[in-house]
Amino acid sequence: MKFLTIICLLLCGLLASAQDNWVAPESAKEVVNVYSENDIATQKGAKMYQKLCWTCHGKTGQGDGPAGSGLKPKPRNFSLAEVQDQSDGELFWKLSNGKGMMLPYKHSLNEDQRWQLINFIRTFKK
Ligand code: HEC
C-alpha cells in the first residue's frame with residue numbers, strides 16, 4: 001500500500017511539473033490589442049499594476065514581490081524573453097484565465113482594464 005502511495009506521489013509530481021510550462025491556446029495568439037501603443041492606456045495599466053499585481057510580480061516586474069516569494073511556481077519575471085516573446089493576445093488570455101495562484105482576472109477586471117495591464121507589462125521589456 002505504501003509503495004502505491006509513493007508511486008502515486010511521484011506521478012503527481014511529474015504531472016504538476018509538466019504543467020509548469022504554461023501555454024495559452026493557439027486561438028489566443030491573434031487576438032488584437034486595440035490599445036497597443038496607446039500611452040494613456042499604459043498609464044492606466046501602471047496604476048492598476050501598482051495596486052493589484054506588484055505584491056507578487058514585483059514593483060519593477062522582476063517577479064520578486066513580497067507575496068510571491070513562497071509561491072511555486074514563482075510569479076513570472078516580466079522582463080524575460082519567455083514572457084515578452086508572447087503576443088498581447090496570449091498574455092491577455094493568461095491574465096484573464098489564470099492558473100494556480102495567478103487568479104483569473106476576467107471576473108474582476110473588464111477587457112479594457114486587462115488590455116491596459118498588458119500594455120504596462122510591455123514596459124518591462126529590456
Ligand atoms: C498572488 C500572486 C499574484 C498576483 C497578485 C498576480 N500574479 Fe500574475 N502570476 C502569478 C504566478 C504565480 C504566475 C505564474 C503561474 C504559472 O506559471 O503557473 C503568474 C503569471 C502571470 C502571467 C503569465 C506570464 C507568462 O508568461 O506565463 C501574467 C501575464 C500575469 N501573471 C499577470 C498579472 C497581472 C497583470 C496581475 C495583476 C492584475 C497579476 N499577474 C497578479 C502570481 C500572481
# chains A, B, ... in the order shown; residues from 1 in each chain; ligands from 1
$ residues_around --residues "A:Ala41" --least-positions-apart "3" --cutoff "6 Å" --atoms "only C-alpha atoms" --output "count of residues only"
3
$ residues_near_ligand --ligand "ligand 1" --cutoff "8 Å" --atoms "only C-alpha atoms and all ligand atoms" --output "VMD selection string"
chain A and resid 19 to 23 48 to 49 51 to 57 67 to 68 71 to 78 82 to 84 86 91 to 95 98 to 103 105 114 117 to 118 121
$ select_by_dssp --residues "chain A" --states "helix (DSSP H, G or I)" --output "compact mmCIF listing (two decimals) with C-alpha atoms, in the first residue's frame"
# COMPACT_ATOMS: atom_id res chain seq x y z
CA LYS A 2 2.81 2.35 0.99
CA PHE A 3 4.54 1.53 -2.29
CA LEU A 4 1.45 2.51 -4.28
CA THR A 5 1.24 5.80 -2.41
CA ILE A 6 4.83 6.62 -3.30
CA ILE A 7 4.29 5.79 -6.99
CA CYS A 8 1.20 7.96 -6.95
CA LEU A 9 3.06 10.90 -5.39
CA LEU A 10 5.84 10.57 -7.97
CA LEU A 11 3.35 10.59 -10.83
CA CYS A 12 1.52 13.58 -9.40
CA GLY A 13 4.82 15.42 -9.12
CA LEU A 14 5.60 14.67 -12.76
CA LEU A 15 2.19 15.86 -13.90
CA ALA A 16 2.49 19.04 -11.86
CA SER A 17 5.91 19.88 -13.29
CA ALA A 18 4.72 19.16 -16.83
CA GLU A 26 -3.47 28.84 -30.27
CA SER A 27 -6.70 30.87 -30.71
CA ALA A 28 -5.45 33.48 -28.21
CA ASP A 39 0.19 55.77 -23.77
CA ILE A 40 -2.88 56.76 -21.78
CA ALA A 41 -3.93 53.12 -21.58
CA THR A 42 -0.42 52.18 -20.45
CA GLN A 43 -0.58 54.77 -17.65
CA LYS A 44 -3.91 53.38 -16.51
CA GLY A 45 -2.37 49.91 -16.55
CA ALA A 46 0.53 51.17 -14.43
CA LYS A 47 -1.84 52.45 -11.75
CA MET A 48 -3.72 49.15 -11.61
CA TYR A 49 -0.48 47.19 -11.55
CA GLN A 50 0.78 49.17 -8.54
CA LYS A 51 -2.41 48.20 -6.71
CA LEU A 52 -3.10 44.62 -7.81
CA TRP A 54 3.20 44.22 -7.68
CA THR A 55 2.79 42.25 -4.44
CA CYS A 56 3.62 39.10 -6.43
CA HIS A 57 5.27 40.27 -9.65
CA PRO A 66 6.89 40.03 -1.16
CA ALA A 67 3.74 37.89 -1.59
CA GLY A 68 5.31 35.87 -4.39
CA ALA A 81 12.06 36.99 -23.33
CA GLU A 82 9.83 33.99 -22.48
CA VAL A 83 7.16 36.50 -21.48
CA GLN A 84 7.85 39.30 -23.94
CA ASP A 88 -0.50 40.52 -26.43
CA GLY A 89 -3.36 38.08 -27.02
CA GLU A 90 -1.55 35.24 -25.26
CA LEU A 91 -0.70 37.37 -22.22
CA PHE A 92 -4.26 38.70 -22.16
CA TRP A 93 -5.57 35.13 -22.16
CA LYS A 94 -3.33 34.17 -19.25
CA LEU A 95 -4.29 37.26 -17.26
CA SER A 96 -7.96 36.50 -17.94
CA ASN A 97 -7.94 32.78 -17.18
CA TYR A 105 -8.83 38.33 -13.61
CA LYS A 106 -11.70 38.13 -16.11
CA HIS A 107 -14.09 38.12 -13.16
CA GLU A 111 -11.49 43.78 -21.03
CA ASP A 112 -10.27 47.38 -21.29
CA GLN A 113 -8.60 47.16 -17.90
CA ARG A 114 -6.92 43.87 -18.81
CA TRP A 115 -5.51 45.29 -22.07
CA GLN A 116 -4.23 48.32 -20.17
CA LEU A 117 -2.33 45.94 -17.88
CA ILE A 118 -0.87 44.10 -20.88
CA ASN A 119 0.36 47.46 -22.23
CA PHE A 120 2.06 48.13 -18.92
CA ILE A 121 3.67 44.67 -18.82
CA ARG A 122 5.28 45.59 -22.18
$ atom_distance --atom1 "atom CA of A:Leu80" --atom2 "atom CA of A:Gly61"
9.7 Å
